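Shown here: target11.pdb, PDB, C-alpha atoms.
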```pdb
ATOM      1  CA  MET A  38     228.520 290.258 249.432
ATOM      2  CA  ARG A  39     232.263 289.728 249.887
ATOM      3  CA  LYS A  40     231.735 289.501 253.643
ATOM      4  CA  ILE A  41     229.131 286.747 253.191
ATOM      5  CA  ILE A  42     231.443 284.779 250.881
ATOM      6  CA  PHE A  43     234.308 285.146 253.362
ATOM      7  CA  ILE A  44     232.114 283.861 256.231
ATOM      8  CA  LEU A  45     231.020 280.879 254.136
ATOM      9  CA  ILE A  46     234.634 280.016 253.310
ATOM     10  CA  VAL A  47     235.614 280.175 257.005
ATOM     11  CA  VAL A  48     232.668 277.940 257.966
ATOM     12  CA  LEU A  49     233.537 275.381 255.288
ATOM     13  CA  ILE A  50     237.218 275.312 256.306
ATOM     14  CA  ASN A  51     236.333 274.781 259.965
ATOM     15  CA  LEU A  52     233.750 272.144 259.052
ATOM     16  CA  ASP A  53     236.347 270.277 257.030
ATOM     17  CA  PHE A  54     238.778 270.513 259.956
ATOM     18  CA  LEU A  55     236.201 269.126 262.395
ATOM     19  CA  MET A  56     235.332 266.279 260.043
ATOM     20  CA  GLY A  57     239.027 265.424 259.903
ATOM     21  CA  LEU A  58     239.160 265.250 263.682
ATOM     22  CA  TRP A  59     236.300 262.758 263.729
ATOM     23  CA  ALA A  60     237.498 260.645 260.834
ATOM     24  CA  ASP A  61     238.191 256.993 261.562
ATOM     25  CA  SER A  62     241.802 255.875 261.214
ATOM     26  CA  GLY A  63     240.834 253.259 258.631
ATOM     27  CA  ALA A  64     242.013 250.402 260.857
ATOM     28  CA  GLU A  65     239.419 247.645 261.220
ATOM     29  CA  TYR A  66     239.383 244.502 263.336
ATOM     30  CA  THR A  67     236.609 241.936 262.942
ATOM     31  CA  ILE A  68     236.075 240.243 266.282
ATOM     32  CA  ILE A  69     234.782 236.667 266.076
ATOM     33  CA  ARG A  70     232.484 234.985 268.573
ATOM     34  CA  THR A  71     233.833 231.897 270.337
ATOM     35  CA  THR A  72     231.784 229.026 271.733
ATOM     36  CA  VAL A  73     234.709 227.844 273.846
ATOM     37  CA  PRO A  74     236.263 230.598 275.985
ATOM     38  CA  PRO A  75     240.048 230.678 276.314
ATOM     39  CA  LYS A  76     241.608 229.928 279.676
ATOM     40  CA  ILE A  77     243.185 233.077 281.091
ATOM     41  CA  ASP A  78     246.565 231.623 281.953
ATOM     42  CA  GLY A  79     248.798 233.964 279.940
ATOM     43  CA  LYS A  80     250.024 231.193 277.676
ATOM     44  CA  LEU A  81     247.957 231.599 274.474
ATOM     45  CA  ASP A  82     248.013 227.873 273.822
ATOM     46  CA  ASP A  83     244.226 227.693 273.407
ATOM     47  CA  ILE A  84     243.311 226.672 269.879
ATOM     48  CA  ILE A  85     240.967 229.659 269.620
ATOM     49  CA  TRP A  86     243.949 232.038 269.498
ATOM     50  CA  LYS A  87     245.537 229.987 266.742
ATOM     51  CA  LEU A  88     242.361 230.383 264.682
ATOM     52  CA  THR A  89     242.050 234.130 265.296
ATOM     53  CA  GLN A  90     243.475 236.782 262.986
ATOM     54  CA  PRO A  91     246.086 238.960 264.762
ATOM     55  CA  ALA A  92     246.530 242.718 264.564
ATOM     56  CA  GLU A  93     250.186 243.762 264.289
ATOM     57  CA  LEU A  94     251.461 246.830 266.120
ATOM     58  CA  ALA A  95     253.784 249.399 264.524
ATOM     59  CA  LEU A  96     255.801 252.338 265.819
ATOM     60  CA  ILE A  97     253.683 255.223 267.071
ATOM     61  CA  ASN A  98     253.698 258.408 264.997
ATOM     62  CA  ALA A  99     255.766 256.740 262.265
ATOM     63  CA  LYS A 100     253.116 255.886 259.634
ATOM     64  CA  GLY A 101     253.146 252.122 259.924
ATOM     65  CA  THR A 102     256.908 251.737 260.391
ATOM     66  CA  LYS A 103     257.710 248.304 261.794
ATOM     67  CA  ALA A 104     258.820 248.141 265.400
ATOM     68  CA  THR A 105     262.094 246.501 266.381
ATOM     69  CA  LYS A 106     260.182 243.819 268.304
ATOM     70  CA  LYS A 107     257.083 242.201 266.793
ATOM     71  CA  SER A 108     253.884 242.694 268.809
ATOM     72  CA  LEU A 109     250.541 241.073 268.001
ATOM     73  CA  ALA A 110     247.047 241.450 269.444
ATOM     74  CA  TYR A 111     244.006 239.162 269.221
ATOM     75  CA  ALA A 112     240.367 239.484 270.334
ATOM     76  CA  VAL A 113     237.312 237.214 270.562
ATOM     77  CA  TYR A 114     234.020 237.395 272.465
ATOM     78  CA  ASP A 115     231.146 235.283 273.744
ATOM     79  CA  ASP A 116     227.776 236.066 275.316
ATOM     80  CA  ASN A 117     229.223 237.678 278.420
ATOM     81  CA  PHE A 118     232.878 238.540 277.934
ATOM     82  CA  ILE A 119     235.449 240.025 275.600
ATOM     83  CA  TYR A 120     238.858 238.325 275.546
ATOM     84  CA  VAL A 121     242.021 240.053 274.350
ATOM     85  CA  ALA A 122     245.474 238.522 273.999
ATOM     86  CA  PHE A 123     248.886 240.013 273.270
ATOM     87  CA  HIS A 124     252.094 238.368 272.070
ATOM     88  CA  ARG A 125     255.514 239.986 271.791
ATOM     89  CA  ILE A 126     258.425 238.237 270.081
ATOM     90  CA  ASP A 127     261.601 239.551 271.644
ATOM     91  CA  LYS A 128     265.074 238.024 271.322
ATOM     92  CA  ASP A 129     266.197 240.209 274.246
ATOM     93  CA  ILE A 130     263.623 238.709 276.609
ATOM     94  CA  GLY A 131     266.167 238.672 279.429
ATOM     95  CA  LYS A 132     266.330 242.483 279.355
ATOM     96  CA  ILE A 133     262.639 243.044 280.089
ATOM     97  CA  VAL A 134     261.988 246.096 282.265
ATOM     98  CA  ALA A 135     259.535 245.125 285.026
ATOM     99  CA  ASN A 136     259.495 247.257 288.162
ATOM    100  CA  THR A 137     255.843 248.031 288.872
ATOM    101  CA  LYS A 138     254.112 245.477 291.104
ATOM    102  CA  ASN A 139     251.213 247.437 292.592
ATOM    103  CA  HIS A 140     247.799 248.024 291.056
ATOM    104  CA  ASP A 141     247.484 251.385 289.288
ATOM    105  CA  GLY A 142     251.222 251.959 289.586
ATOM    106  CA  ASN A 143     253.333 253.300 286.733
ATOM    107  CA  VAL A 144     252.862 250.227 284.557
ATOM    108  CA  TRP A 145     253.592 252.259 281.406
ATOM    109  CA  GLU A 146     257.203 252.714 282.540
ATOM    110  CA  ASP A 147     257.811 248.973 282.013
ATOM    111  CA  ASP A 148     257.526 246.624 279.071
ATOM    112  CA  GLU A 149     253.744 246.503 278.768
ATOM    113  CA  PHE A 150     250.622 246.193 276.622
ATOM    114  CA  GLU A 151     247.613 248.495 276.595
ATOM    115  CA  LEU A 152     244.001 247.979 275.549
ATOM    116  CA  PHE A 153     241.673 250.885 274.745
ATOM    117  CA  LEU A 154     237.923 250.330 274.272
ATOM    118  CA  ASP A 155     235.469 253.021 273.159
ATOM    119  CA  VAL A 156     232.342 250.950 273.757
ATOM    120  CA  ASP A 157     229.947 253.798 272.896
ATOM    121  CA  HIS A 158     231.922 254.597 269.741
ATOM    122  CA  ASP A 159     231.547 258.265 270.555
ATOM    123  CA  HIS A 160     235.229 259.068 269.823
ATOM    124  CA  LEU A 161     235.473 260.639 273.272
ATOM    125  CA  THR A 162     235.030 258.219 276.190
ATOM    126  CA  TYR A 163     236.991 254.990 276.639
ATOM    127  CA  TRP A 164     238.251 252.293 278.990
ATOM    128  CA  GLN A 165     241.985 251.669 279.336
ATOM    129  CA  ILE A 166     243.775 248.599 280.691
ATOM    130  CA  CYS A 167     247.598 248.331 280.864
ATOM    131  CA  VAL A 168     249.434 245.178 281.930
ATOM    132  CA  ASN A 169     253.146 244.470 282.404
ATOM    133  CA  THR A 170     255.115 241.221 282.654
ATOM    134  CA  LEU A 171     254.508 241.061 286.428
ATOM    135  CA  ASN A 172     250.750 241.091 285.770
ATOM    136  CA  ALA A 173     250.423 244.490 287.442
ATOM    137  CA  ILE A 174     247.654 246.514 285.828
ATOM    138  CA  TRP A 175     246.592 250.110 285.427
ATOM    139  CA  ASP A 176     242.914 250.522 284.572
ATOM    140  CA  CYS A 177     240.600 253.479 284.290
ATOM    141  CA  TYR A 178     237.624 255.041 282.544
ATOM    142  CA  ASN A 179     238.197 258.265 280.650
ATOM    143  CA  SER A 180     235.012 260.298 280.406
ATOM    144  CA  GLY A 181     236.692 262.889 278.222
ATOM    145  CA  GLY A 182     238.499 264.696 281.006
ATOM    146  CA  GLY A 183     241.503 262.437 281.502
ATOM    147  CA  CYS A 184     242.490 259.164 283.173
ATOM    148  CA  ASN A 185     243.524 259.397 286.808
ATOM    149  CA  GLY A 186     243.183 255.780 287.907
ATOM    150  CA  GLY A 187     240.866 254.653 290.666
ATOM    151  CA  ASP A 188     238.074 253.643 288.262
ATOM    152  CA  ASN A 189     239.005 250.011 288.548
ATOM    153  CA  ILE A 190     237.633 247.575 285.977
ATOM    154  CA  LYS A 191     236.668 244.087 287.120
ATOM    155  CA  CYS A 192     238.944 242.289 284.703
ATOM    156  CA  GLU A 193     240.941 239.078 284.831
ATOM    157  CA  THR A 194     244.492 239.154 283.487
ATOM    158  CA  ASN A 195     247.441 236.816 283.303
ATOM    159  CA  VAL A 196     250.904 236.839 281.713
ATOM    160  CA  SER A 197     253.774 234.506 280.947
ATOM    161  CA  VAL A 198     257.365 235.188 279.930
ATOM    162  CA  GLY A 199     259.741 232.934 278.003
ATOM    163  CA  PRO A 200     261.368 230.550 278.266
ATOM    164  CA  LYS A 201     262.703 231.573 274.860
ATOM    165  CA  GLU A 202     261.847 234.867 273.138
ATOM    166  CA  ASP A 203     258.139 235.374 273.776
ATOM    167  CA  TRP A 204     255.942 237.008 276.334
ATOM    168  CA  PHE A 205     252.160 236.859 276.440
ATOM    169  CA  ALA A 206     249.283 238.626 278.165
ATOM    170  CA  GLU A 207     245.572 237.836 278.306
ATOM    171  CA  ILE A 208     242.674 240.045 279.428
ATOM    172  CA  LYS A 209     239.087 238.993 280.137
ATOM    173  CA  VAL A 210     236.394 241.606 280.802
ATOM    174  CA  ALA A 211     232.636 241.191 281.247
ATOM    175  CA  PHE A 212     230.451 243.399 279.079
ATOM    176  CA  LYS A 213     228.477 244.441 282.163
ATOM    177  CA  ASP A 214     231.689 245.708 283.777
ATOM    178  CA  LEU A 215     232.211 247.945 280.742
ATOM    179  CA  ASP A 216     228.688 249.333 281.274
ATOM    180  CA  VAL A 217     227.492 247.458 278.194
ATOM    181  CA  LYS A 218     223.957 246.255 278.933
ATOM    182  CA  SER A 219     223.821 243.340 276.514
ATOM    183  CA  THR A 220     225.974 241.247 274.205
ATOM    184  CA  PRO A 221     226.989 243.272 271.128
ATOM    185  CA  LYS A 222     224.967 242.399 268.043
ATOM    186  CA  PRO A 223     226.436 241.450 264.652
ATOM    187  CA  ASN A 224     227.844 244.528 262.890
ATOM    188  CA  ASP A 225     227.947 246.577 266.105
ATOM    189  CA  VAL A 226     231.091 248.718 266.162
ATOM    190  CA  TRP A 227     233.322 249.772 269.045
ATOM    191  CA  GLY A 228     236.386 251.980 268.925
ATOM    192  CA  VAL A 229     239.514 250.009 269.825
ATOM    193  CA  ASN A 230     243.260 250.283 269.961
ATOM    194  CA  PHE A 231     246.021 247.871 270.918
ATOM    195  CA  CYS A 232     249.199 249.568 272.137
ATOM    196  CA  GLY A 233     252.300 248.995 274.219
ATOM    197  CA  ARG A 234     255.810 249.938 275.205
ATOM    198  CA  VAL A 235     258.967 247.986 274.382
ATOM    199  CA  ARG A 236     261.923 248.519 276.728
ATOM    200  CA  THR A 237     264.146 245.476 276.207
ATOM    201  CA  GLY A 238     267.365 247.241 275.277
ATOM    202  CA  ILE A 239     265.455 249.967 273.387
ATOM    203  CA  ASP A 240     262.511 252.266 274.053
ATOM    204  CA  GLU A 241     259.668 252.132 271.552
ATOM    205  CA  TRP A 242     255.976 252.934 271.784
ATOM    206  CA  VAL A 243     253.858 250.780 269.483
ATOM    207  CA  THR A 244     250.258 250.981 268.291
ATOM    208  CA  TRP A 245     247.888 249.171 265.965
ATOM    209  CA  SER A 246     245.857 252.178 264.821
ATOM    210  CA  ASP A 247     247.687 255.211 263.431
ATOM    211  CA  ILE A 248     246.760 257.699 266.160
ATOM    212  CA  GLY A 249     249.552 260.270 265.985
ATOM    213  CA  SER A 250     251.829 261.015 268.908
ATOM    214  CA  SER A 251     249.669 259.879 271.855
ATOM    215  CA  PHE A 252     247.695 256.763 272.763
ATOM    216  CA  HIS A 253     244.936 258.939 274.235
ATOM    217  CA  VAL A 254     243.360 259.979 270.937
ATOM    218  CA  PRO A 255     239.975 258.198 270.717
ATOM    219  CA  THR A 256     239.213 259.945 267.433
ATOM    220  CA  GLY A 257     242.066 257.883 265.990
ATOM    221  CA  PHE A 258     241.042 254.493 267.359
ATOM    222  CA  GLY A 259     240.317 251.732 264.877
ATOM    223  CA  ASN A 260     236.919 250.105 264.415
ATOM    224  CA  MET A 261     236.213 246.760 266.051
ATOM    225  CA  ILE A 262     233.335 245.115 264.194
ATOM    226  CA  PHE A 263     231.431 242.334 265.932
ATOM    227  CA  SER A 264     230.894 239.341 263.668
ATOM    228  CA  SER A 265     228.030 236.856 263.731
ATOM    229  CA  LYS A 266     230.472 234.100 262.783
ATOM    230  CA  ALA A 267     231.425 231.765 265.598
ATOM    231  CA  LEU A 268     234.546 229.673 265.962
ATOM    232  CA  ALA A 269     233.813 226.341 267.567
ATOM    233  CA  VAL A 270     236.485 223.940 268.727
ATOM    234  CA  LYS A 271     235.165 220.470 269.613
ATOM    235  CA  PRO A 272     236.415 218.706 271.574
ATOM    236  CA  VAL A 273     237.849 221.618 273.498
ATOM    237  CA  ASN A 274     241.317 222.726 272.395
ATOM    238  CA  LYS A 275     241.630 220.125 269.639
ATOM    239  CA  LEU A 276     241.549 221.011 265.987
ATOM    240  CA  PRO A 277     238.880 219.145 263.989
TER     241      PRO A 277
END
```
Represent the structure contained in this file as structure tokens.
Amino acid sequence: MRKIIFILIVVLINLDFLMGLWADSGAEYTIIRTTVPPKIDGKLDDIIWKLTQPAELALINAKGTKATKKSLAYAVYDDNFIYVAFHRIDKDIGKIVANTKNHDGNVWEDDEFELFLDVDHDHLTYWQICVNTLNAIWDCYNSGGGCNGGDNIKCETNVSVGPKEDWFAEIKVAFKDLDVKSTPKPNDVWGVNFCGRVRTGIDEWVTWSDIGSSFHVPTGFGNMIFSSKALAVKPVNKLP
């Protein structure tokens, strides 16, 4: 009898542990549909970004501690594409580290932003796109066994730096190029995380979702919830 009770206790403890591994981080981002797609010019001066709620990034593995430099992420979608924008406010903009120029080079060694998308919401597989201030990108698909590059995503990116204390990045990806067969429906959920590295005079890793000590933890990604609400700007790029 004691042996049976002991086995049950062990099973329950391990079950609780596994449930903890699969628990969502609690971070949620509602992504709004747009009827007017933003121009991917790295400037973020489209009205759609001004109407979109940002997600703010904090220091990794520091329980929401604010980073030295403020980093924001935005996302919208339409029938065919998902659009993601990043904005970093940095008074030391002249000290940006930007050495990587080639595709799938060591972009993460520079000042950069990173987008993670778990389109199946399986907490295991995900797409990753990194972009630095030279518009060099690293992109790959992680099937659960690691990211080695070479799995290039057909995405469009652009960046701009300055002239004062800001730098911006925009990413445009077709759903079909993420192996998503159709436009997400209202209330569909993807796993998502917005991350980056700050190297202007300091060295900080920042993240939106509290994922622990590594970006590559899909069980800790936040939930991106697709909304049926649409933001329309008519005429284009002019507030009503």
Taking a cut-off of 10 Å and counting all atoms listed in the file, can you build a table that, for each residue of segment 42-157 of chain A near segment 216-225 of chain A, reports the nearest atom pair and how far apart they are in Å (one decimal), sorted by chain then residue number, as a Markdown table?
```
| residue | atom | partner | partner_atom | distance |
| --- | --- | --- | --- | --- |
| A:Thr67 | CA | A:Asn224 | CA | 9.1 |
| A:Ile68 | CA | A:Pro223 | CA | 9.9 |
| A:Ile69 | CA | A:Pro223 | CA | 9.7 |
| A:Arg70 | CA | A:Pro223 | CA | 9.7 |
| A:Tyr114 | CA | A:Thr220 | CA | 9.1 |
| A:Asp115 | CA | A:Thr220 | CA | 7.9 |
| A:Asp116 | CA | A:Thr220 | CA | 5.6 |
| A:Asn117 | CA | A:Thr220 | CA | 6.4 |
| A:Phe118 | CA | A:Thr220 | CA | 8.3 |
| A:Ile119 | CA | A:Thr220 | CA | 9.7 |
| A:Val156 | CA | A:Val217 | CA | 7.4 |
| A:Asp157 | CA | A:Val217 | CA | 8.6 |
```
What would the file look like if the residues just selected were written as a PDB file, in the coordinates of the input with C-alpha atoms?
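Below is the file that was written, part_12.pdb:
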```pdb
ATOM      1  CA  THR A  67     236.609 241.936 262.942  1.00  0.00           C
ATOM      2  CA  ILE A  68     236.075 240.243 266.282  1.00  0.00           C
ATOM      3  CA  ILE A  69     234.782 236.667 266.076  1.00  0.00           C
ATOM      4  CA  ARG A  70     232.484 234.985 268.573  1.00  0.00           C
ATOM      5  CA  TYR A 114     234.020 237.395 272.465  1.00  0.00           C
ATOM      6  CA  ASP A 115     231.146 235.283 273.744  1.00  0.00           C
ATOM      7  CA  ASP A 116     227.776 236.066 275.316  1.00  0.00           C
ATOM      8  CA  ASN A 117     229.223 237.678 278.420  1.00  0.00           C
ATOM      9  CA  PHE A 118     232.878 238.540 277.934  1.00  0.00           C
ATOM     10  CA  ILE A 119     235.449 240.025 275.600  1.00  0.00           C
ATOM     11  CA  VAL A 156     232.342 250.950 273.757  1.00  0.00           C
ATOM     12  CA  ASP A 157     229.947 253.798 272.896  1.00  0.00           C
TER      13      ASP A 157
END
```
Name the residues that the PyMOL selection byres ((chain A and resi 129-146) around 9) pulls out of this structure, and write them as an mmCIF file with C-alpha atoms, in the frame of the given file.
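Output file part.cif is given in full below:
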```cif
data_model
loop_
_atom_site.group_PDB
_atom_site.id
_atom_site.type_symbol
_atom_site.label_atom_id
_atom_site.label_comp_id
_atom_site.auth_asym_id
_atom_site.auth_seq_id
_atom_site.Cartn_x
_atom_site.Cartn_y
_atom_site.Cartn_z
ATOM 1 C CA ILE A 126 258.425 238.237 270.081
ATOM 2 C CA ASP A 127 261.601 239.551 271.644
ATOM 3 C CA LYS A 128 265.074 238.024 271.322
ATOM 4 C CA ASP A 147 257.811 248.973 282.013
ATOM 5 C CA ASP A 148 257.526 246.624 279.071
ATOM 6 C CA GLU A 149 253.744 246.503 278.768
ATOM 7 C CA PHE A 150 250.622 246.193 276.622
ATOM 8 C CA GLU A 151 247.613 248.495 276.595
ATOM 9 C CA CYS A 167 247.598 248.331 280.864
ATOM 10 C CA VAL A 168 249.434 245.178 281.930
ATOM 11 C CA ASN A 169 253.146 244.470 282.404
ATOM 12 C CA THR A 170 255.115 241.221 282.654
ATOM 13 C CA LEU A 171 254.508 241.061 286.428
ATOM 14 C CA ASN A 172 250.750 241.091 285.770
ATOM 15 C CA ALA A 173 250.423 244.490 287.442
ATOM 16 C CA ILE A 174 247.654 246.514 285.828
ATOM 17 C CA TRP A 175 246.592 250.110 285.427
ATOM 18 C CA ASP A 176 242.914 250.522 284.572
ATOM 19 C CA CYS A 177 240.600 253.479 284.290
ATOM 20 C CA GLY A 186 243.183 255.780 287.907
ATOM 21 C CA GLY A 187 240.866 254.653 290.666
ATOM 22 C CA ASN A 189 239.005 250.011 288.548
ATOM 23 C CA VAL A 198 257.365 235.188 279.930
ATOM 24 C CA GLY A 199 259.741 232.934 278.003
ATOM 25 C CA PRO A 200 261.368 230.550 278.266
ATOM 26 C CA LYS A 201 262.703 231.573 274.860
ATOM 27 C CA GLU A 202 261.847 234.867 273.138
ATOM 28 C CA ASP A 203 258.139 235.374 273.776
ATOM 29 C CA TRP A 204 255.942 237.008 276.334
ATOM 30 C CA GLY A 233 252.300 248.995 274.219
ATOM 31 C CA ARG A 234 255.810 249.938 275.205
ATOM 32 C CA VAL A 235 258.967 247.986 274.382
ATOM 33 C CA ARG A 236 261.923 248.519 276.728
ATOM 34 C CA THR A 237 264.146 245.476 276.207
ATOM 35 C CA GLY A 238 267.365 247.241 275.277
#
```
Margin query: Please enumerate the residues selected by the PyMOL selection byres ((chain A and resi 100-112) around 6) when evaluated against the supplied file, formatted as number ranges by chain.
Written below: A: 68, 91-96, 98-99, 113, 120-127
Notebook entry, point to check: Could you work out how far atom CA of Val229 of chain A lies from atom CA of Gly259 of chain A, giving the answer in Å with one decimal?
Noted result: 5.3 Å
Resolved residues for the PyMOL selection byres ((chain A and resi 154) around 12) as a PDB file with C-alpha atoms, keeping the file's coordinate frame:
```pdb
ATOM      1  CA  ALA A 112     240.367 239.484 270.334  1.00  0.00           C
ATOM      2  CA  ILE A 119     235.449 240.025 275.600  1.00  0.00           C
ATOM      3  CA  VAL A 121     242.021 240.053 274.350  1.00  0.00           C
ATOM      4  CA  GLU A 151     247.613 248.495 276.595  1.00  0.00           C
ATOM      5  CA  LEU A 152     244.001 247.979 275.549  1.00  0.00           C
ATOM      6  CA  PHE A 153     241.673 250.885 274.745  1.00  0.00           C
ATOM      7  CA  ASP A 155     235.469 253.021 273.159  1.00  0.00           C
ATOM      8  CA  VAL A 156     232.342 250.950 273.757  1.00  0.00           C
ATOM      9  CA  ASP A 157     229.947 253.798 272.896  1.00  0.00           C
ATOM     10  CA  HIS A 158     231.922 254.597 269.741  1.00  0.00           C
ATOM     11  CA  ASP A 159     231.547 258.265 270.555  1.00  0.00           C
ATOM     12  CA  HIS A 160     235.229 259.068 269.823  1.00  0.00           C
ATOM     13  CA  LEU A 161     235.473 260.639 273.272  1.00  0.00           C
ATOM     14  CA  THR A 162     235.030 258.219 276.190  1.00  0.00           C
ATOM     15  CA  TYR A 163     236.991 254.990 276.639  1.00  0.00           C
ATOM     16  CA  TRP A 164     238.251 252.293 278.990  1.00  0.00           C
ATOM     17  CA  GLN A 165     241.985 251.669 279.336  1.00  0.00           C
ATOM     18  CA  ILE A 166     243.775 248.599 280.691  1.00  0.00           C
ATOM     19  CA  CYS A 167     247.598 248.331 280.864  1.00  0.00           C
ATOM     20  CA  ASP A 176     242.914 250.522 284.572  1.00  0.00           C
ATOM     21  CA  CYS A 177     240.600 253.479 284.290  1.00  0.00           C
ATOM     22  CA  TYR A 178     237.624 255.041 282.544  1.00  0.00           C
ATOM     23  CA  ASN A 179     238.197 258.265 280.650  1.00  0.00           C
ATOM     24  CA  VAL A 210     236.394 241.606 280.802  1.00  0.00           C
ATOM     25  CA  PHE A 212     230.451 243.399 279.079  1.00  0.00           C
ATOM     26  CA  LEU A 215     232.211 247.945 280.742  1.00  0.00           C
ATOM     27  CA  ASP A 216     228.688 249.333 281.274  1.00  0.00           C
ATOM     28  CA  VAL A 217     227.492 247.458 278.194  1.00  0.00           C
ATOM     29  CA  VAL A 226     231.091 248.718 266.162  1.00  0.00           C
ATOM     30  CA  TRP A 227     233.322 249.772 269.045  1.00  0.00           C
ATOM     31  CA  GLY A 228     236.386 251.980 268.925  1.00  0.00           C
ATOM     32  CA  VAL A 229     239.514 250.009 269.825  1.00  0.00           C
ATOM     33  CA  ASN A 230     243.260 250.283 269.961  1.00  0.00           C
ATOM     34  CA  PHE A 231     246.021 247.871 270.918  1.00  0.00           C
ATOM     35  CA  CYS A 232     249.199 249.568 272.137  1.00  0.00           C
ATOM     36  CA  PHE A 252     247.695 256.763 272.763  1.00  0.00           C
ATOM     37  CA  HIS A 253     244.936 258.939 274.235  1.00  0.00           C
ATOM     38  CA  VAL A 254     243.360 259.979 270.937  1.00  0.00           C
ATOM     39  CA  PRO A 255     239.975 258.198 270.717  1.00  0.00           C
ATOM     40  CA  THR A 256     239.213 259.945 267.433  1.00  0.00           C
ATOM     41  CA  GLY A 257     242.066 257.883 265.990  1.00  0.00           C
ATOM     42  CA  PHE A 258     241.042 254.493 267.359  1.00  0.00           C
ATOM     43  CA  GLY A 259     240.317 251.732 264.877  1.00  0.00           C
ATOM     44  CA  ASN A 260     236.919 250.105 264.415  1.00  0.00           C
ATOM     45  CA  MET A 261     236.213 246.760 266.051  1.00  0.00           C
TER      46      MET A 261
END
```
Check: What is the atom CA of Thr71 of chain A to atom CA of Ala269 of chain A distance in Å?
Finding: 6.2 Å
Notebook entry, point to check: What is the atom CA of Phe205 of chain A to atom CA of Ala64 of chain A distance in Å?
Noted result: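 Spanning atom CA of Phe205 of chain A to atom CA of Ala64 of chain A is a straight-line distance of 23.0 Å.
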Need to verify the contact set: Thr194 of chain A, 7 Å, all atoms listed in the file, exclusion of same-chain residues closer than 3 positions in sequence. Can you return it as an mmCIF file with C-alpha atoms, in the coordinates of the input?
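Written file, out.cif:
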```
data_model
loop_
_atom_site.group_PDB
_atom_site.id
_atom_site.type_symbol
_atom_site.label_atom_id
_atom_site.label_comp_id
_atom_site.auth_asym_id
_atom_site.auth_seq_id
_atom_site.Cartn_x
_atom_site.Cartn_y
_atom_site.Cartn_z
ATOM 1 C CA ILE A 77 243.185 233.077 281.091
ATOM 2 C CA ASN A 172 250.750 241.091 285.770
ATOM 3 C CA GLU A 207 245.572 237.836 278.306
ATOM 4 C CA ILE A 208 242.674 240.045 279.428
ATOM 5 C CA LYS A 209 239.087 238.993 280.137
#
```
Around all the atoms of segment 260-269 of chain A listed in the file, with 6 Å of room on each side, what axis-aligned box do you get, giving centre and edge lengths in Å to one decimal, as JSON?
```
{"center_x": 232.5, "center_y": 238.2, "center_z": 265.2, "size_x": 20.9, "size_y": 35.8, "size_z": 16.8}
```
Note to self: Calculated over only C-alpha atoms, which of the candidates A:Ser246, A:Ser265, A:Ser197, A:Ser180 has the smallest distance to Tyr66 of chain A?
What the structure shows: A:Ser246
